[in-house]
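Next up, query-v1.cif (mmCIF, C-alpha atoms):
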data_data
#
loop_
_atom_site.label_atom_id
_atom_site.label_comp_id
_atom_site.auth_asym_id
_atom_site.auth_seq_id
_atom_site.Cartn_x
_atom_site.Cartn_y
_atom_site.Cartn_z
CA MET E 1 -117.55 258.65 -30.58
CA LYS E 2 -115.88 258.92 -33.97
CA LYS E 3 -113.65 255.99 -34.84
CA ILE E 4 -110.20 256.75 -36.27
CA TYR E 5 -108.86 253.70 -38.06
CA LEU E 6 -105.05 253.56 -38.11
CA ASP E 7 -104.49 249.85 -38.78
CA TYR E 8 -104.36 249.78 -42.58
CA ALA E 9 -101.44 247.34 -42.53
CA ALA E 10 -103.83 244.74 -41.08
CA THR E 11 -106.59 245.32 -43.63
CA THR E 12 -108.28 248.07 -45.58
CA PRO E 13 -111.95 248.88 -46.22
CA ALA E 14 -113.17 247.92 -49.68
CA ASP E 15 -113.34 250.97 -51.94
CA PRO E 16 -116.97 251.74 -52.97
CA ARG E 17 -115.86 251.58 -56.61
CA VAL E 18 -114.52 248.09 -55.96
CA VAL E 19 -117.79 246.98 -54.39
CA LYS E 20 -119.72 248.39 -57.36
CA ALA E 21 -117.53 246.43 -59.80
CA MET E 22 -118.04 243.22 -57.79
CA LEU E 23 -121.82 243.29 -57.37
CA PRO E 24 -122.84 242.01 -60.84
CA PHE E 25 -120.66 238.93 -60.35
CA LEU E 26 -122.43 238.00 -57.14
CA ALA E 27 -125.93 237.69 -58.62
CA GLU E 28 -126.25 238.46 -62.34
CA LYS E 29 -122.98 237.28 -63.90
CA PHE E 30 -122.54 234.32 -61.56
CA GLY E 31 -121.33 231.75 -64.10
CA ASN E 32 -118.62 229.18 -63.45
CA THR E 33 -115.52 230.03 -65.49
CA MET E 34 -115.14 226.34 -66.45
CA SER E 35 -118.60 226.17 -68.07
CA LEU E 36 -118.92 226.28 -71.87
CA HIS E 37 -122.25 228.10 -72.03
CA ALA E 38 -122.66 231.85 -72.44
CA LEU E 39 -122.84 232.64 -68.71
CA GLY E 40 -119.68 230.64 -68.06
CA GLN E 41 -117.80 232.27 -70.92
CA GLU E 42 -118.85 235.71 -69.69
CA ALA E 43 -117.31 234.83 -66.33
CA LYS E 44 -114.19 233.48 -68.04
CA LEU E 45 -113.77 236.73 -69.96
CA ALA E 46 -114.06 238.77 -66.72
CA LEU E 47 -111.47 236.52 -65.10
CA GLU E 48 -108.96 236.92 -67.92
CA ASN E 49 -109.52 240.68 -68.09
CA SER E 50 -108.72 240.86 -64.38
CA ARG E 51 -105.62 238.76 -64.89
CA GLN E 52 -104.42 241.09 -67.66
CA ILE E 53 -104.91 244.21 -65.51
CA ILE E 54 -102.89 242.77 -62.64
CA ALA E 55 -100.19 241.29 -64.88
CA ASP E 56 -99.62 244.67 -66.53
CA PHE E 57 -99.28 246.28 -63.10
CA ILE E 58 -96.12 244.29 -62.32
CA ASN E 59 -94.85 243.78 -65.90
CA ALA E 60 -95.78 240.11 -65.98
CA LYS E 61 -97.53 237.97 -68.58
CA PRO E 62 -101.16 237.04 -67.82
CA LYS E 63 -100.35 233.32 -67.79
CA GLU E 64 -97.85 234.00 -64.98
CA ILE E 65 -100.57 235.23 -62.60
CA ILE E 66 -102.31 232.59 -60.47
CA PHE E 67 -105.25 233.69 -58.34
CA THR E 68 -105.47 232.26 -54.83
CA GLY E 69 -107.66 232.77 -51.77
CA SER E 70 -105.13 234.79 -49.78
CA ALA E 71 -101.51 235.85 -49.41
CA THR E 72 -101.10 233.03 -46.89
CA GLU E 73 -102.11 230.50 -49.53
CA SER E 74 -99.77 232.12 -52.07
CA ASN E 75 -96.82 232.02 -49.66
CA ASN E 76 -97.51 228.41 -48.71
CA THR E 77 -97.72 227.48 -52.39
CA ALA E 78 -94.47 229.28 -53.18
CA LEU E 79 -92.39 227.66 -50.46
CA LYS E 80 -93.88 224.16 -50.46
CA GLY E 81 -94.42 224.07 -54.20
CA ILE E 82 -90.81 224.98 -54.99
CA ALA E 83 -89.48 222.66 -52.27
CA PHE E 84 -91.22 219.54 -53.52
CA ALA E 85 -90.77 220.27 -57.22
CA ASN E 86 -87.02 220.75 -56.89
CA LYS E 87 -85.96 218.08 -54.40
CA GLN E 88 -83.67 216.51 -56.97
CA LYS E 89 -81.65 219.74 -57.11
CA GLY E 90 -81.43 220.41 -53.38
CA ASN E 91 -83.22 220.86 -50.10
CA HIS E 92 -81.92 224.21 -48.81
CA ILE E 93 -84.25 227.20 -48.42
CA ILE E 94 -83.29 230.69 -47.20
CA ILE E 95 -85.72 233.13 -45.57
CA SER E 96 -85.26 236.28 -43.52
CA SER E 97 -85.75 236.30 -39.76
CA ILE E 98 -88.62 238.80 -39.99
CA GLU E 99 -90.93 237.12 -42.51
CA HIS E 100 -94.69 236.98 -42.07
CA PRO E 101 -95.90 234.06 -39.87
CA CYS E 102 -97.19 232.14 -42.90
CA ILE E 103 -93.64 232.05 -44.31
CA MET E 104 -92.16 231.19 -40.92
CA GLU E 105 -94.63 228.38 -40.30
CA SER E 106 -94.26 227.00 -43.83
CA ALA E 107 -90.48 226.90 -43.37
CA LYS E 108 -90.90 225.26 -39.97
CA TRP E 109 -93.13 222.56 -41.52
CA LEU E 110 -90.69 222.01 -44.40
CA LYS E 111 -87.88 221.52 -41.89
CA LEU E 112 -89.90 218.66 -40.37
CA GLN E 113 -90.06 217.14 -43.88
CA GLY E 114 -86.27 217.09 -44.13
CA PHE E 115 -85.53 220.45 -45.74
CA GLU E 116 -82.71 222.67 -44.48
CA ILE E 117 -83.80 226.19 -43.49
CA THR E 118 -81.51 229.20 -43.06
CA LYS E 119 -82.86 232.39 -41.47
CA LEU E 120 -80.97 235.51 -42.46
CA PRO E 121 -80.29 238.12 -39.77
CA VAL E 122 -81.37 241.75 -40.10
CA ASP E 123 -79.78 244.92 -38.78
CA LYS E 124 -81.38 247.14 -36.15
CA TYR E 125 -83.61 248.69 -38.79
CA GLY E 126 -84.85 245.34 -40.07
CA LEU E 127 -82.79 245.40 -43.26
CA VAL E 128 -81.45 242.22 -44.83
CA ASN E 129 -77.87 242.59 -46.08
CA SER E 130 -77.61 241.33 -49.65
CA VAL E 131 -74.05 240.19 -48.88
CA ASP E 132 -75.49 237.82 -46.26
CA VAL E 133 -77.80 236.39 -48.91
CA LYS E 134 -74.88 235.67 -51.21
CA LYS E 135 -72.89 234.04 -48.40
CA ALA E 136 -75.84 231.87 -47.35
CA ILE E 137 -76.45 230.36 -50.79
CA LYS E 138 -75.06 226.83 -51.11
CA SER E 139 -74.79 224.34 -53.96
CA HIS E 140 -78.04 222.71 -52.81
CA THR E 141 -80.01 225.96 -52.27
CA ILE E 142 -83.27 225.97 -54.24
CA LEU E 143 -85.13 229.05 -52.97
CA VAL E 144 -84.60 232.41 -51.29
CA SER E 145 -87.69 234.17 -49.87
CA VAL E 146 -87.38 237.72 -48.54
CA MET E 147 -90.38 240.01 -48.04
CA HIS E 148 -90.48 243.21 -50.06
CA ALA E 149 -91.56 245.29 -47.08
CA SER E 150 -92.19 244.47 -43.43
CA ASN E 151 -95.81 244.38 -42.33
CA GLU E 152 -94.72 245.42 -38.83
CA ILE E 153 -91.98 248.02 -39.08
CA GLY E 154 -92.35 249.10 -42.71
CA THR E 155 -88.77 248.34 -43.75
CA ILE E 156 -88.32 248.07 -47.52
CA GLU E 157 -85.79 245.38 -48.41
CA PRO E 158 -83.23 245.56 -51.29
CA ILE E 159 -85.25 243.17 -53.43
CA ALA E 160 -83.65 243.99 -56.79
CA GLU E 161 -80.16 243.35 -55.37
CA ILE E 162 -81.22 240.07 -53.79
CA GLY E 163 -82.99 239.03 -56.98
CA LYS E 164 -79.85 239.62 -59.02
CA ILE E 165 -77.78 237.53 -56.59
CA CYS E 166 -80.27 234.68 -56.82
CA LYS E 167 -80.42 234.86 -60.61
CA ASP E 168 -76.63 234.70 -60.88
CA ALA E 169 -76.59 231.71 -58.53
CA GLY E 170 -79.37 229.87 -60.37
CA VAL E 171 -81.65 229.96 -57.32
CA TYR E 172 -85.35 230.79 -57.36
CA PHE E 173 -86.29 234.06 -55.64
CA HIS E 174 -89.67 234.69 -54.00
CA THR E 175 -90.85 237.87 -52.34
CA ASP E 176 -93.94 238.49 -50.24
CA ALA E 177 -95.16 241.85 -51.56
CA SER E 178 -98.40 241.93 -49.59
CA GLN E 179 -97.53 245.25 -47.94
CA SER E 180 -95.62 246.86 -50.82
CA PHE E 181 -98.00 246.01 -53.67
CA GLY E 182 -99.57 249.29 -54.78
CA LYS E 183 -97.26 251.43 -52.64
CA ILE E 184 -93.96 250.73 -54.41
CA PRO E 185 -93.56 250.25 -58.19
CA ILE E 186 -92.85 246.58 -58.93
CA ASP E 187 -91.33 245.21 -62.13
CA VAL E 188 -90.84 241.47 -61.72
CA LYS E 189 -88.51 241.30 -64.73
CA LYS E 190 -86.20 244.17 -63.77
CA MET E 191 -86.17 243.05 -60.13
CA ASN E 192 -85.34 239.43 -61.03
CA ILE E 193 -88.33 238.05 -59.14
CA ASP E 194 -89.36 234.46 -59.89
CA LEU E 195 -92.35 234.33 -57.54
CA LEU E 196 -94.33 237.13 -55.91
CA THR E 197 -97.22 237.21 -53.46
CA ALA E 198 -99.84 239.96 -53.19
CA SER E 199 -103.20 240.38 -51.49
CA SER E 200 -106.42 242.17 -52.43
CA HIS E 201 -107.55 243.30 -48.99
CA LYS E 202 -104.36 245.30 -48.39
CA ILE E 203 -105.18 247.64 -51.29
CA TYR E 204 -108.88 248.41 -50.67
CA GLY E 205 -110.06 245.27 -52.44
CA PRO E 206 -112.13 242.46 -50.90
CA LYS E 207 -110.86 239.72 -48.64
CA GLY E 208 -110.66 236.25 -50.16
CA ALA E 209 -108.45 237.08 -53.15
CA GLY E 210 -104.69 236.88 -53.48
CA LEU E 211 -102.22 236.18 -56.24
CA LEU E 212 -99.03 234.31 -56.84
CA TYR E 213 -96.86 235.41 -59.74
CA ILE E 214 -94.97 232.40 -61.05
CA GLY E 215 -92.39 233.32 -63.67
CA ASN E 216 -92.34 231.42 -66.92
CA GLY E 217 -90.30 228.22 -66.58
CA VAL E 218 -90.37 228.10 -62.77
CA LYS E 219 -90.71 224.50 -61.65
CA ILE E 220 -93.37 224.30 -58.93
CA GLU E 221 -95.92 221.84 -57.57
CA PRO E 222 -99.51 222.91 -56.76
CA LEU E 223 -100.95 222.54 -53.27
CA LEU E 224 -104.51 221.93 -54.45
CA HIS E 225 -105.46 219.21 -56.90
CA GLY E 226 -108.83 218.87 -58.60
CA GLY E 227 -110.48 220.36 -61.65
CA GLY E 228 -107.36 222.03 -63.02
CA GLN E 229 -108.35 225.68 -62.64
CA GLU E 230 -105.65 228.35 -62.86
CA ASN E 231 -103.60 226.38 -65.36
CA GLY E 232 -103.58 223.42 -62.99
CA MET E 233 -101.84 225.42 -60.28
CA ARG E 234 -104.84 226.09 -58.04
CA SER E 235 -107.78 223.73 -58.50
CA SER E 236 -110.92 225.23 -56.99
CA THR E 237 -113.97 227.11 -58.26
CA ILE E 238 -112.84 230.67 -58.86
CA ASN E 239 -113.94 233.41 -56.45
CA LEU E 240 -114.75 235.60 -59.43
CA ALA E 241 -116.38 238.55 -57.64
CA SER E 242 -113.38 239.01 -55.36
CA ILE E 243 -110.92 238.69 -58.25
CA VAL E 244 -112.83 241.32 -60.25
CA GLY E 245 -112.71 243.51 -57.12
CA PHE E 246 -108.97 242.88 -56.78
CA ALA E 247 -108.39 244.02 -60.37
CA LYS E 248 -110.54 247.11 -59.86
CA ALA E 249 -108.54 247.99 -56.75
CA VAL E 250 -105.34 247.71 -58.83
CA GLU E 251 -106.80 250.00 -61.52
CA ILE E 252 -107.63 252.61 -58.87
CA TYR E 253 -104.18 252.35 -57.32
CA LYS E 254 -102.48 252.66 -60.70
CA LYS E 255 -104.15 256.02 -61.34
CA GLY E 256 -103.48 257.67 -58.01
CA PHE E 257 -100.82 255.94 -55.95
CA LYS E 258 -98.09 258.58 -56.51
CA LYS E 259 -100.25 261.41 -55.22
CA GLU E 260 -101.56 259.30 -52.34
CA ASN E 261 -98.06 258.16 -51.35
CA SER E 262 -96.87 261.77 -51.18
CA ARG E 263 -99.83 262.68 -48.97
CA LEU E 264 -99.22 259.72 -46.65
CA ILE E 265 -95.50 260.43 -46.38
CA LYS E 266 -96.22 263.95 -45.12
CA LEU E 267 -98.64 262.62 -42.49
CA ARG E 268 -96.29 259.81 -41.53
CA ASP E 269 -93.29 262.11 -41.09
CA LYS E 270 -95.31 264.55 -38.99
CA LEU E 271 -96.46 261.65 -36.84
CA ILE E 272 -92.96 260.25 -36.36
CA LYS E 273 -91.38 263.59 -35.52
CA SER E 274 -94.11 264.42 -33.01
CA VAL E 275 -94.25 261.05 -31.26
CA LEU E 276 -90.47 261.02 -30.83
CA LYS E 277 -90.82 264.17 -28.74
CA ILE E 278 -92.54 262.06 -26.08
CA LYS E 279 -90.01 261.12 -23.41
CA GLY E 280 -88.94 257.49 -23.62
CA SER E 281 -90.26 256.91 -27.14
CA HIS E 282 -88.30 255.14 -29.87
CA LEU E 283 -88.84 254.48 -33.58
CA ASN E 284 -88.70 250.91 -34.89
CA GLY E 285 -87.48 250.43 -38.43
CA PRO E 286 -85.60 252.89 -40.66
CA PRO E 287 -84.80 256.26 -39.06
CA LEU E 288 -86.08 259.68 -40.02
CA PRO E 289 -82.99 261.78 -40.83
CA ALA E 290 -83.16 265.45 -39.90
CA GLY E 291 -84.77 267.51 -42.64
CA ARG E 292 -85.40 264.51 -44.91
CA GLN E 293 -88.04 261.85 -45.41
CA ALA E 294 -87.52 258.40 -43.95
CA LYS E 295 -85.79 256.15 -46.43
CA ASN E 296 -86.50 252.45 -46.87
CA ARG E 297 -89.83 252.78 -45.04
CA LEU E 298 -93.34 252.28 -46.39
CA SER E 299 -95.21 255.53 -46.90
CA ASN E 300 -97.93 254.62 -44.40
CA ASN E 301 -95.98 252.92 -41.61
CA ALA E 302 -94.84 254.23 -38.22
CA ASN E 303 -93.85 251.76 -35.50
CA PHE E 304 -92.68 252.79 -32.03
CA TRP E 305 -91.77 251.32 -28.68
CA PHE E 306 -92.24 253.15 -25.41
CA GLU E 307 -90.26 252.65 -22.23
CA PHE E 308 -92.20 251.11 -19.29
CA ILE E 309 -95.28 250.54 -21.46
CA GLU E 310 -97.14 247.32 -22.30
CA GLY E 311 -98.32 247.39 -25.92
CA GLU E 312 -101.66 245.62 -25.47
CA SER E 313 -102.68 248.07 -22.73
CA LEU E 314 -101.72 250.99 -24.95
CA VAL E 315 -103.79 249.64 -27.85
CA MET E 316 -106.82 249.10 -25.60
CA GLN E 317 -106.57 252.59 -24.10
CA LEU E 318 -106.34 254.14 -27.57
CA ASP E 319 -109.37 252.12 -28.60
CA LEU E 320 -111.33 253.60 -25.70
CA HIS E 321 -110.55 257.00 -27.22
CA GLY E 322 -111.77 255.86 -30.64
CA ILE E 323 -108.32 255.23 -32.14
CA GLU E 324 -107.68 251.81 -33.66
CA CYS E 325 -104.02 250.74 -33.94
CA SER E 326 -102.11 247.52 -33.30
CA THR E 327 -99.11 246.21 -31.43
CA GLY E 328 -97.47 244.14 -34.17
CA SER E 329 -98.75 241.93 -36.94
CA ALA E 330 -102.52 241.42 -36.96
CA CYS E 331 -101.98 237.75 -37.85
CA SER E 332 -100.16 237.07 -34.60
CA SER E 333 -101.56 239.75 -32.26
CA VAL E 334 -103.50 237.18 -30.22
CA LYS E 335 -100.19 235.82 -28.99
CA LEU E 336 -98.80 237.40 -25.84
CA GLU E 337 -95.20 236.81 -26.88
CA PRO E 338 -93.04 239.77 -27.95
CA SER E 339 -92.73 240.38 -31.69
CA TYR E 340 -90.02 238.17 -33.20
CA THR E 341 -89.46 240.93 -35.77
CA LEU E 342 -88.52 243.41 -33.06
CA LEU E 343 -86.39 240.81 -31.27
CA ALA E 344 -84.55 240.16 -34.54
CA CYS E 345 -83.85 243.90 -34.73
CA GLY E 346 -82.13 243.69 -31.34
CA LEU E 347 -84.84 244.86 -28.92
CA LYS E 348 -85.05 243.30 -25.49
CA PRO E 349 -88.27 241.33 -24.84
CA GLN E 350 -89.61 243.89 -22.35
CA ASP E 351 -89.02 246.70 -24.86
CA ALA E 352 -90.57 244.77 -27.74
CA HIS E 353 -93.69 244.32 -25.59
CA GLY E 354 -94.09 248.11 -25.58
CA SER E 355 -94.57 248.46 -29.33
CA LEU E 356 -97.26 250.32 -31.23
CA ARG E 357 -97.85 250.06 -34.97
CA ILE E 358 -99.67 252.96 -36.61
CA SER E 359 -100.51 252.50 -40.28
CA LEU E 360 -102.20 255.19 -42.33
CA GLY E 361 -104.56 255.01 -45.30
CA ARG E 362 -106.88 256.81 -47.69
CA GLN E 363 -109.29 257.93 -45.00
CA THR E 364 -106.56 259.23 -42.68
CA THR E 365 -106.57 263.02 -42.33
CA GLU E 366 -104.24 265.49 -40.64
CA LYS E 367 -107.04 266.09 -38.15
CA ASP E 368 -106.91 262.40 -37.23
CA ILE E 369 -103.16 262.58 -36.67
CA ASN E 370 -103.54 265.71 -34.54
CA TYR E 371 -106.13 263.95 -32.37
CA LEU E 372 -103.83 260.95 -31.91
CA LEU E 373 -100.96 263.25 -30.97
CA LYS E 374 -103.19 264.94 -28.40
CA VAL E 375 -104.36 261.70 -26.81
CA LEU E 376 -101.25 259.50 -26.98
CA PRO E 377 -98.96 261.42 -24.54
CA LYS E 378 -101.70 261.45 -21.90
CA ILE E 379 -102.28 257.70 -22.20
CA ILE E 380 -98.56 256.95 -22.02
CA LYS E 381 -98.21 259.11 -18.91
CA GLN E 382 -101.15 257.34 -17.29
CA LEU E 383 -99.85 253.85 -18.12
CA ARG E 384 -96.37 254.66 -16.83
CA LEU E 385 -97.80 255.67 -13.48
CA MET E 386 -99.21 252.15 -13.18
CA SER E 387 -96.15 250.38 -14.62
CA PRO E 388 -94.32 247.95 -12.29
CA PHE E 389 -91.15 248.64 -14.31
CA LYS E 390 -91.11 252.43 -14.03
CA ASN E 391 -88.37 252.48 -11.40
CA GLU E 392 -86.07 250.06 -13.23
CA LYS E 393 -82.97 251.48 -14.87
CA LYS E 394 -82.62 251.06 -18.63
#

Encoded form (structure tokens):
Amino acid sequence: MKKIYLDYAATTPADPRVVKAMLPFLAEKFGNTMSLHALGQEAKLALENSRQIIADFINAKPKEIIFTGSATESNNTALKGIAFANKQKGNHIIISSIEHPCIMESAKWLKLQGFEITKLPVDKYGLVNSVDVKKAIKSHTILVSVMHASNEIGTIEPIAEIGKICKDAGVYFHTDASQSFGKIPIDVKKMNIDLLTASSHKIYGPKGAGLLYIGNGVKIEPLLHGGGQENGMRSSTINLASIVGFAKAVEIYKKGFKKENSRLIKLRDKLIKSVLKIKGSHLNGPPLPAGRQAKNRLSNNANFWFEFIEGESLVMQLDLHGIECSTGSACSSVKLEPSYTLLACGLKPQDAHGSLRISLGRQTTEKDINYLLKVLPKIIKQLRLMSPFKNEKK
């Protein structure tokens, strides 16, 4: 049976060109970037070339890019590093109510250390209101962290507006751009971003490489202490092969993301329009206006909930037909609790349990979408026949 992968928001396959770029740094050019000999300096040069490529991609300076092991590490560093470096100024941190679990858990831990945490509400589409950000900022606020785009429902937040509000208030602004990086143009200067997180494996690069952009002059403490790598901000021997792969993935994206985004938008809109024809189906996140493309939604994201359906059962049945999707964030899918993102958007717990996230990518074809649209209605009909809730009134 052919496998149709539709879970690109969870991770992406490494591009063959990325793998080719990485291979020499696994065996031949294996030097430690801290070594003074020729092999070490060759590795150092590759590292700094990679840093330059990625910095240019978001209009940053190379020295402002810190390589990490993952987006989770970057987000932890951003929140905890800012919190402990700026305690003398204040102890108040603002996040949205739909952040990735690594932001949520970092904020939860900081609260136990005596920091004050405010969670901003979102509307039914998952949008943060910039007015709410302005109202939430206090004299002792030190950081606002709002994701650029939701990993679950694809909502694109008004980052530039929020960044301007934070800049005017003298508050640091961090955004988790793990899902938007490569899909939406990012200019950290124009968007008033002080800290930004991105991840290699979301853009057809290898796992094990992430970045944290730290704007010049931002006061932050490192999480890892040791040999002083990454300008003292992330002590640890550099995962050079993965970083080289990350930079190659960025180069590839830079050349073709506009064309690819247009292709994905067409597939996404066809998918949304067709799935919404299924009785009892609903779109999570920004709507699809008649005759127009969905606004404020990632080009590859479609998230639905289905009446009288349990999401895990739906995912498993699709998998039996060779279709691989998810029912929320991959990082928390082992939990049997309803998505807190969907609850924050106003869904009832039983409805949030019936969610399905479909995320498209480079290998997704129209033929794949047609097959999904053929199989999905049959599975939903079958599951509803077995549902204990089918006779309940909405």

Could you state which residues are captured by the PyMOL selection byres ((chain E and resi 13-17) around 12) in this file, as a PyMOL selection string? chain E and resi 5-12+18-23+200-208+242+244-253+361-363

Contacts between stretch 142-157 of chain E and stretch 40-137 of chain E, please, where a residue of stretch 40-137 of chain E counts if it comes within 6 Å (with all atoms listed in the file); show its shortest atom pair and distance in Å to one decimal, rows by chain and ascending number, as CSV.
residue,atom,partner,partner_atom,distance
E:Gly90,CA,E:Ile142,CA,5.9
E:His92,CA,E:Ile142,CA,5.9
E:Ile93,CA,E:Leu143,CA,5.0
E:Ile94,CA,E:Val144,CA,4.6
E:Ile95,CA,E:Ser145,CA,4.8
E:Ser96,CA,E:Val146,CA,5.6
E:Leu127,CA,E:Glu157,CA,6.0

As an exercise, work out the distance from atom CA of E:Gly285 to atom CA of E:Leu195 in Å and give it to one decimal place. 25.5 Å

Using only C-alpha atoms and a cutoff of 7 Å, can you tell me which residues are near (-98.5, 252.6, -46.5) in the file's coordinates, and write them out as a VMD selection string? chain E and resid 183 298 to 301 359 to 361

Go ahead and write the selection's residues with C-alpha atoms as a CSV table (one decimal), in the coordinates of the input.
chain,number,residue,atom,x,y,z
E,183,LYS,CA,-97.3,251.4,-52.6
E,298,LEU,CA,-93.3,252.3,-46.4
E,299,SER,CA,-95.2,255.5,-46.9
E,300,ASN,CA,-97.9,254.6,-44.4
E,301,ASN,CA,-96.0,252.9,-41.6
E,359,SER,CA,-100.5,252.5,-40.3
E,360,LEU,CA,-102.2,255.2,-42.3
E,361,GLY,CA,-104.6,255.0,-45.3

Sphere at (-107.0, 232.1, -55.9), radius 12 Å, counting all atoms listed in the file: residues as a PDB file with C-alpha atoms, in the coordinates of the input:
ATOM      1  CA  LEU E  47    -111.470 236.520 -65.100  1.00  0.00           C
ATOM      2  CA  ARG E  51    -105.620 238.760 -64.890  1.00  0.00           C
ATOM      3  CA  ILE E  65    -100.570 235.230 -62.600  1.00  0.00           C
ATOM      4  CA  ILE E  66    -102.310 232.590 -60.470  1.00  0.00           C
ATOM      5  CA  PHE E  67    -105.250 233.690 -58.340  1.00  0.00           C
ATOM      6  CA  THR E  68    -105.470 232.260 -54.830  1.00  0.00           C
ATOM      7  CA  GLY E  69    -107.660 232.770 -51.770  1.00  0.00           C
ATOM      8  CA  SER E  70    -105.130 234.790 -49.780  1.00  0.00           C
ATOM      9  CA  ALA E  71    -101.510 235.850 -49.410  1.00  0.00           C
ATOM     10  CA  THR E  72    -101.100 233.030 -46.890  1.00  0.00           C
ATOM     11  CA  GLU E  73    -102.110 230.500 -49.530  1.00  0.00           C
ATOM     12  CA  SER E  74     -99.770 232.120 -52.070  1.00  0.00           C
ATOM     13  CA  ASN E  75     -96.820 232.020 -49.660  1.00  0.00           C
ATOM     14  CA  THR E  77     -97.720 227.480 -52.390  1.00  0.00           C
ATOM     15  CA  THR E 197     -97.220 237.210 -53.460  1.00  0.00           C
ATOM     16  CA  ALA E 198     -99.840 239.960 -53.190  1.00  0.00           C
ATOM     17  CA  SER E 199    -103.200 240.380 -51.490  1.00  0.00           C
ATOM     18  CA  SER E 200    -106.420 242.170 -52.430  1.00  0.00           C
ATOM     19  CA  LYS E 207    -110.860 239.720 -48.640  1.00  0.00           C
ATOM     20  CA  GLY E 208    -110.660 236.250 -50.160  1.00  0.00           C
ATOM     21  CA  ALA E 209    -108.450 237.080 -53.150  1.00  0.00           C
ATOM     22  CA  GLY E 210    -104.690 236.880 -53.480  1.00  0.00           C
ATOM     23  CA  LEU E 211    -102.220 236.180 -56.240  1.00  0.00           C
ATOM     24  CA  LEU E 212     -99.030 234.310 -56.840  1.00  0.00           C
ATOM     25  CA  TYR E 213     -96.860 235.410 -59.740  1.00  0.00           C
ATOM     26  CA  PRO E 222     -99.510 222.910 -56.760  1.00  0.00           C
ATOM     27  CA  LEU E 223    -100.950 222.540 -53.270  1.00  0.00           C
ATOM     28  CA  LEU E 224    -104.510 221.930 -54.450  1.00  0.00           C
ATOM     29  CA  GLN E 229    -108.350 225.680 -62.640  1.00  0.00           C
ATOM     30  CA  GLU E 230    -105.650 228.350 -62.860  1.00  0.00           C
ATOM     31  CA  ASN E 231    -103.600 226.380 -65.360  1.00  0.00           C
ATOM     32  CA  GLY E 232    -103.580 223.420 -62.990  1.00  0.00           C
ATOM     33  CA  MET E 233    -101.840 225.420 -60.280  1.00  0.00           C
ATOM     34  CA  ARG E 234    -104.840 226.090 -58.040  1.00  0.00           C
ATOM     35  CA  SER E 235    -107.780 223.730 -58.500  1.00  0.00           C
ATOM     36  CA  SER E 236    -110.920 225.230 -56.990  1.00  0.00           C
ATOM     37  CA  THR E 237    -113.970 227.110 -58.260  1.00  0.00           C
ATOM     38  CA  ILE E 238    -112.840 230.670 -58.860  1.00  0.00           C
ATOM     39  CA  ASN E 239    -113.940 233.410 -56.450  1.00  0.00           C
ATOM     40  CA  LEU E 240    -114.750 235.600 -59.430  1.00  0.00           C
ATOM     41  CA  ALA E 241    -116.380 238.550 -57.640  1.00  0.00           C
ATOM     42  CA  SER E 242    -113.380 239.010 -55.360  1.00  0.00           C
ATOM     43  CA  ILE E 243    -110.920 238.690 -58.250  1.00  0.00           C
ATOM     44  CA  VAL E 244    -112.830 241.320 -60.250  1.00  0.00           C
ATOM     45  CA  PHE E 246    -108.970 242.880 -56.780  1.00  0.00           C
TER      46      PHE E 246
END

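Picked out by the PyMOL selection byres ((chain E and resi 187-193) around 7) when it runs on this file: Ile58, Asn59, Ala60, Ile159, Ala160, Gly163, Lys164, Lys167, Phe173, His174, Pro185, Ile186, Asp194, Leu195 and Leu196 of chain E.
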
Since the input is missing atoms, can you rebuild N, CA and C atoms for stretch 275-284 of chain E and write them as a short mmCIF file (atom, residue, chain, number, x, y, z; two decimals), in the frame of the given file?
data_model
loop_
_atom_site.label_atom_id
_atom_site.label_comp_id
_atom_site.auth_asym_id
_atom_site.auth_seq_id
_atom_site.Cartn_x
_atom_site.Cartn_y
_atom_site.Cartn_z
N VAL E 275 -94.25 262.11 -32.27
CA VAL E 275 -94.25 261.05 -31.26
C VAL E 275 -92.88 260.93 -30.61
N LEU E 276 -91.81 261.14 -31.39
CA LEU E 276 -90.47 261.02 -30.83
C LEU E 276 -90.13 262.13 -29.84
N LYS E 277 -91.00 263.13 -29.75
CA LYS E 277 -90.82 264.17 -28.74
C LYS E 277 -91.30 263.71 -27.36
N ILE E 278 -92.08 262.63 -27.34
CA ILE E 278 -92.54 262.06 -26.08
C ILE E 278 -91.36 261.38 -25.39
N LYS E 279 -91.14 261.69 -24.13
CA LYS E 279 -90.01 261.12 -23.41
C LYS E 279 -90.11 259.59 -23.39
N GLY E 280 -88.97 258.94 -23.67
CA GLY E 280 -88.94 257.49 -23.62
C GLY E 280 -89.59 256.81 -24.81
N SER E 281 -89.69 257.51 -25.93
CA SER E 281 -90.26 256.91 -27.14
C SER E 281 -89.15 256.63 -28.15
N HIS E 282 -89.32 255.56 -28.92
CA HIS E 282 -88.30 255.14 -29.87
C HIS E 282 -88.97 254.64 -31.15
N LEU E 283 -88.32 254.91 -32.28
CA LEU E 283 -88.84 254.48 -33.58
C LEU E 283 -88.28 253.12 -33.95
N ASN E 284 -89.14 252.20 -34.35
CA ASN E 284 -88.70 250.91 -34.89
C ASN E 284 -88.64 251.00 -36.40
#
